[in-house]
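*Asks:* Let me give you the structure first, and then I'll get to my questions.
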Amino acid sequence: MNSIKNETSGGFGPVPGTARDYKAAGIGWLVVGDENYGEGSSREHAALEPRHLGGKAIIVRSFARIHETNLKKQGMLPLTFADPADYDKVQPGDKVSILGLTNFAPGVPLTCKLTHTDGSTDEFSLNHSFNDNQIGWFKAGSALNKMKM
């Protein structure tokens with residue numbers, strides 16, 4: 001279960017080890033998940049580790065409420081599929097771009113662009129629940145960084 005393909009080595013390994021490899025190589029990464037992501041992980045450490053390991057975003061069908069807020073505090077992008085069926089468009093090896101961050105604003109969806117290994121692409125909408133203050137956390141890298149400014 002805790003084994004994913006490491007795109008830099010071509011091998012398979014644990015998620016934290018692969019994330020460390022990506023961080024060392026300067027490669028941002030994200031998580032794609034299903035329903036109620038983060039359930040049972042309300043402590044801030046569950047949101048701090050992805051940030052510490054170079055994670056940028058979590059895209060899911062739905063979040064556990066407290067975990068979503070903790071991800072925001074850590075400067076992560078917790079996003080949900082506007083159409084939950086878009087989850088099925090994501091394929092192993094996809095390159096993912098999140099479009100619309102230049103004009104990131106409350107209530108304005110972002111766009112996910114997938115570039116599949118065969119060169120084809122898919123685009124779909126991603127929702128977020130950020131308010132202006134939380135967008136400030138994201139832009140500063142975390143709520144703590146925003147407080148230091």
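A note on labels: chains of the structure tokens are A, B, ... as shown, every chain counts residues from 1, and ligands are counted from 1 in their shown order.
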Mind checking which residues fall within 12 Å of Arg65 in chain A, counting only C-alpha atoms, ignoring those fewer than 6 positions away in the same chain, and posting them as a PyMOL selection string?
*Replies:* chain A and resi 35-43+71-72+78+129
*Asks:* For the residues in that selection, give me C-alpha atoms as a PDB file, in the first residue's frame.
*Replies:*
ATOM      1  CA  GLU A  35     -12.967  10.701  -0.283  1.00  0.00           C
ATOM      2  CA  ASN A  36     -12.502  12.159   3.217  1.00  0.00           C
ATOM      3  CA  TYR A  37      -8.736  12.560   2.816  1.00  0.00           C
ATOM      4  CA  GLY A  38      -7.008  13.138   6.135  1.00  0.00           C
ATOM      5  CA  GLU A  39      -9.655  11.429   8.246  1.00  0.00           C
ATOM      6  CA  GLY A  40      -8.190  10.639  11.641  1.00  0.00           C
ATOM      7  CA  SER A  41      -5.179  12.917  11.104  1.00  0.00           C
ATOM      8  CA  SER A  42      -6.336  16.160  12.693  1.00  0.00           C
ATOM      9  CA  ARG A  43      -2.955  16.872  14.271  1.00  0.00           C
ATOM     10  CA  LEU A  71      -2.884  21.885   5.203  1.00  0.00           C
ATOM     11  CA  LYS A  72      -3.716  25.539   4.532  1.00  0.00           C
ATOM     12  CA  PRO A  78      -5.834  21.511  -0.498  1.00  0.00           C
ATOM     13  CA  SER A 129     -12.233  26.937   0.181  1.00  0.00           C
TER      14      SER A 129
END
*Asks:* Once DSSP has gone over the backbone, tell me which residues of range 30-147 of chain A are in strand (DSSP E or B), as a PyMOL selection string.
*Replies:* chain A and resi 30-33+37+55-60+63+77-81+95-99+110-115+121-127
*Asks:* When you look at range 111-113 of chain A with a cut-off of 8 Å (counting only C-alpha atoms), what residues show up, excluding the ones that are within fewer than 4 positions of it in the same chain? I need them as a ChimeraX atom specification.
*Replies:* /A:96-100,121-126
*Asks:* If I take CA of Val90 in chain A and CA of Leu77 in chain A, how far is one from the other in Å, to one decimal?
*Replies:*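 One can read the CA of Val90 in chain A to CA of Leu77 in chain A distance as 17.6 Å.
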*Asks:* Do you have the CA of Tyr87 in chain A-CA of Pro109 in chain A distance handy?
*Replies:*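 Going from CA of Tyr87 in chain A over to CA of Pro109 in chain A, I get 16.2 Å.
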*Asks:* List every residue of range 35-137 of chain A that has an atom at most 12 Å from any atom of range 20-27 of chain A, and for each one report the closest atom pair and its distance in Å to one decimal, counting only C-alpha atoms, with rows sorted by chain and then by increasing residue number, as a tab-separated table.
*Replies:*
residue	atom	partner	partner_atom	distance
A:Glu49	CA	A:Arg20	CA	10.6
A:Pro50	CA	A:Arg20	CA	10.0
A:Arg51	CA	A:Lys23	CA	10.1
A:His52	CA	A:Lys23	CA	8.9
A:Leu53	CA	A:Arg20	CA	5.8
A:Gly54	CA	A:Lys23	CA	5.3
A:Gly55	CA	A:Lys23	CA	8.3
A:Lys56	CA	A:Ile27	CA	9.9
A:Lys95	CA	A:Ile27	CA	11.3
A:Val96	CA	A:Ile27	CA	11.9
*Asks:* How about saving the chosen residues, N, CA, C and O atoms kept, as a PDB file, in the first residue's frame?
*Replies:*
ATOM      1  N   GLU A  49       4.304  17.310   7.533  1.00  0.00           N
ATOM      2  CA  GLU A  49       5.231  16.409   6.840  1.00  0.00           C
ATOM      3  C   GLU A  49       5.216  16.583   5.326  1.00  0.00           C
ATOM      4  O   GLU A  49       6.276  16.686   4.719  1.00  0.00           O
ATOM      5  N   PRO A  50       4.042  16.642   4.676  1.00  0.00           N
ATOM      6  CA  PRO A  50       4.088  16.848   3.215  1.00  0.00           C
ATOM      7  C   PRO A  50       4.799  18.149   2.837  1.00  0.00           C
ATOM      8  O   PRO A  50       5.574  18.192   1.881  1.00  0.00           O
ATOM      9  N   ARG A  51       4.544  19.209   3.597  1.00  0.00           N
ATOM     10  CA  ARG A  51       5.210  20.482   3.315  1.00  0.00           C
ATOM     11  C   ARG A  51       6.713  20.348   3.511  1.00  0.00           C
ATOM     12  O   ARG A  51       7.514  20.780   2.682  1.00  0.00           O
ATOM     13  N   HIS A  52       7.112  19.737   4.615  1.00  0.00           N
ATOM     14  CA  HIS A  52       8.536  19.559   4.921  1.00  0.00           C
ATOM     15  C   HIS A  52       9.234  18.742   3.833  1.00  0.00           C
ATOM     16  O   HIS A  52      10.402  18.980   3.519  1.00  0.00           O
ATOM     17  N   LEU A  53       8.525  17.792   3.239  1.00  0.00           N
ATOM     18  CA  LEU A  53       9.107  16.933   2.214  1.00  0.00           C
ATOM     19  C   LEU A  53       8.937  17.480   0.796  1.00  0.00           C
ATOM     20  O   LEU A  53       9.199  16.782  -0.169  1.00  0.00           O
ATOM     21  N   GLY A  54       8.512  18.745   0.680  1.00  0.00           N
ATOM     22  CA  GLY A  54       8.445  19.392  -0.629  1.00  0.00           C
ATOM     23  C   GLY A  54       7.126  19.272  -1.357  1.00  0.00           C
ATOM     24  O   GLY A  54       7.034  19.625  -2.531  1.00  0.00           O
ATOM     25  N   GLY A  55       6.098  18.774  -0.688  1.00  0.00           N
ATOM     26  CA  GLY A  55       4.782  18.675  -1.314  1.00  0.00           C
ATOM     27  C   GLY A  55       4.212  20.050  -1.591  1.00  0.00           C
ATOM     28  O   GLY A  55       4.491  21.012  -0.873  1.00  0.00           O
ATOM     29  N   LYS A  56       3.419  20.142  -2.636  1.00  0.00           N
ATOM     30  CA  LYS A  56       2.825  21.424  -3.036  1.00  0.00           C
ATOM     31  C   LYS A  56       1.312  21.441  -2.898  1.00  0.00           C
ATOM     32  O   LYS A  56       0.742  22.474  -2.561  1.00  0.00           O
ATOM     33  N   LYS A  95       2.259  14.396 -15.549  1.00  0.00           N
ATOM     34  CA  LYS A  95       2.817  15.664 -15.081  1.00  0.00           C
ATOM     35  C   LYS A  95       1.609  16.552 -14.823  1.00  0.00           C
ATOM     36  O   LYS A  95       0.706  16.661 -15.655  1.00  0.00           O
ATOM     37  N   VAL A  96       1.596  17.206 -13.666  1.00  0.00           N
ATOM     38  CA  VAL A  96       0.427  17.977 -13.251  1.00  0.00           C
ATOM     39  C   VAL A  96       0.804  19.445 -13.123  1.00  0.00           C
ATOM     40  O   VAL A  96       1.790  19.788 -12.478  1.00  0.00           O
TER      41      VAL A  96
END
*Asks:* Quick one: residues within 7 Å of Val15 in chain A, only C-alpha atoms counted, chain neighbours fewer than 2 positions away excluded, as a list in words?
*Replies:* Asn2, Ser3, Ile4, Gly13, Gly17, Thr18 and Ala19 of chain A
*Asks:* Please produce a file of the residues just selected, as a CSV table (one decimal), in the first residue's frame, where the atoms kept are all heavy atoms.
*Replies:*
chain,number,residue,atom,x,y,z
A,2,ASN,N,1.9,1.3,0.8
A,2,ASN,CA,2.8,2.5,0.9
A,2,ASN,C,4.0,2.3,-0.1
A,2,ASN,O,5.1,2.5,0.3
A,2,ASN,CB,3.3,2.6,2.3
A,2,ASN,CG,4.0,3.9,2.5
A,2,ASN,OD1,4.0,4.8,1.7
A,2,ASN,ND2,4.8,4.0,3.6
A,3,SER,N,3.7,2.0,-1.3
A,3,SER,CA,4.7,1.9,-2.3
A,3,SER,C,4.3,2.6,-3.6
A,3,SER,O,3.2,2.3,-4.2
A,3,SER,CB,5.0,0.4,-2.6
A,3,SER,OG,6.1,0.3,-3.5
A,4,ILE,N,5.1,3.6,-4.1
A,4,ILE,CA,4.8,4.3,-5.3
A,4,ILE,C,6.0,4.4,-6.2
A,4,ILE,O,7.1,4.1,-5.8
A,4,ILE,CB,4.3,5.8,-4.9
A,4,ILE,CG1,5.4,6.5,-4.2
A,4,ILE,CG2,3.0,5.8,-4.2
A,4,ILE,CD1,5.2,8.0,-4.1
A,13,GLY,N,9.0,2.5,-4.1
A,13,GLY,CA,9.4,2.6,-2.8
A,13,GLY,C,8.4,3.3,-1.9
A,13,GLY,O,7.3,3.7,-2.4
A,17,GLY,N,10.1,8.1,1.5
A,17,GLY,CA,11.4,8.0,0.8
A,17,GLY,C,11.4,8.6,-0.6
A,17,GLY,O,12.3,9.3,-1.0
A,18,THR,N,10.3,8.4,-1.3
A,18,THR,CA,10.2,9.0,-2.6
A,18,THR,C,10.1,10.5,-2.5
A,18,THR,O,10.7,11.2,-3.3
A,18,THR,CB,9.0,8.4,-3.4
A,18,THR,OG1,9.2,6.9,-3.5
A,18,THR,CG2,8.8,8.9,-4.8
A,19,ALA,N,9.3,11.0,-1.6
A,19,ALA,CA,9.2,12.4,-1.4
A,19,ALA,C,10.6,13.0,-1.0
A,19,ALA,O,10.9,14.1,-1.5
A,19,ALA,CB,8.2,12.7,-0.3
*Asks:* Counting only C-alpha atoms, what is within 6 Å of Glu44 in chain A, bar same-chain residues fewer than 2 positions away, as a PyMOL selection string?
*Replies:* chain A and resi 46-47+70
*Asks:* Take the residues from that selection and put them in a file with C-alpha atoms, as a short mmCIF file (atom, residue, chain, number, x, y, z; two decimals), in the first residue's frame.
*Replies:*
data_model
loop_
_atom_site.label_atom_id
_atom_site.label_comp_id
_atom_site.auth_asym_id
_atom_site.auth_seq_id
_atom_site.Cartn_x
_atom_site.Cartn_y
_atom_site.Cartn_z
CA ALA A 46 0.01 15.19 9.34
CA ALA A 47 -0.02 18.43 7.29
CA ASN A 70 -4.17 22.30 8.78
#
*Asks:* Would you mind listing what lies within 8 Å of Gly141 in chain A as a list in words, with only C-alpha atoms counted and same-chain residues fewer than 4 positions away left out?
*Replies:*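 Listing them by chain and then by number gives Gln74, Gly75, Met76, Trp137, Asn145 and Lys146 of chain A.
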*Asks:* Could the residues in this selection be written to a file with N, CA and C atoms, as a PDB file, in the first residue's frame?
*Replies:*
ATOM      1  N   GLN A  74      -0.129  25.164   6.699  1.00  0.00           N
ATOM      2  CA  GLN A  74       1.233  24.766   6.329  1.00  0.00           C
ATOM      3  C   GLN A  74       1.641  25.288   4.952  1.00  0.00           C
ATOM      4  N   GLY A  75       0.779  26.063   4.302  1.00  0.00           N
ATOM      5  CA  GLY A  75       1.120  26.613   2.998  1.00  0.00           C
ATOM      6  C   GLY A  75       0.881  25.660   1.845  1.00  0.00           C
ATOM      7  N   MET A  76       0.179  24.572   2.112  1.00  0.00           N
ATOM      8  CA  MET A  76      -0.164  23.606   1.069  1.00  0.00           C
ATOM      9  C   MET A  76      -1.443  24.056   0.354  1.00  0.00           C
ATOM     10  N   TRP A 137      -1.571  33.070   3.677  1.00  0.00           N
ATOM     11  CA  TRP A 137      -0.735  31.994   4.230  1.00  0.00           C
ATOM     12  C   TRP A 137      -0.042  31.255   3.100  1.00  0.00           C
ATOM     13  N   ASN A 145       4.796  31.832   8.586  1.00  0.00           N
ATOM     14  CA  ASN A 145       5.582  32.772   7.778  1.00  0.00           C
ATOM     15  C   ASN A 145       4.829  34.087   7.611  1.00  0.00           C
ATOM     16  N   LYS A 146       3.510  34.025   7.424  1.00  0.00           N
ATOM     17  CA  LYS A 146       2.689  35.222   7.270  1.00  0.00           C
ATOM     18  C   LYS A 146       2.724  36.066   8.538  1.00  0.00           C
TER      19      LYS A 146
END
*Asks:* Run DSSP on the backbone of this structure and report the residues of chain A it assigns to helix (DSSP H, G or I), as a PyMOL selection string.
*Replies:* chain A and resi 15-24+45-52+65-73+84-89+101-103+132-140+143-148
*Asks:* Write out as a PyMOL selection string each polymer residue whose atoms come within 12 Å of Asp118 in chain A, counting only C-alpha atoms; drop sequence neighbours fewer than 4 positions from it.
*Replies:* chain A and resi 91-95+114+122
*Asks:* Check the smallest atom-to-atom distance from each of A:Ser9, A:Arg61, A:Asp34, A:Thr69 to Ser142 in chain A using only C-alpha atoms, then report the winner.
*Replies:*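 Closest to Ser142 in chain A of all the choices is A:Thr69.
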*Asks:* A:Asp88, A:Lys73, A:Leu79, A:Thr115: which is nearest Gly136 in chain A, counting only C-alpha atoms?
*Replies:* A:Lys73
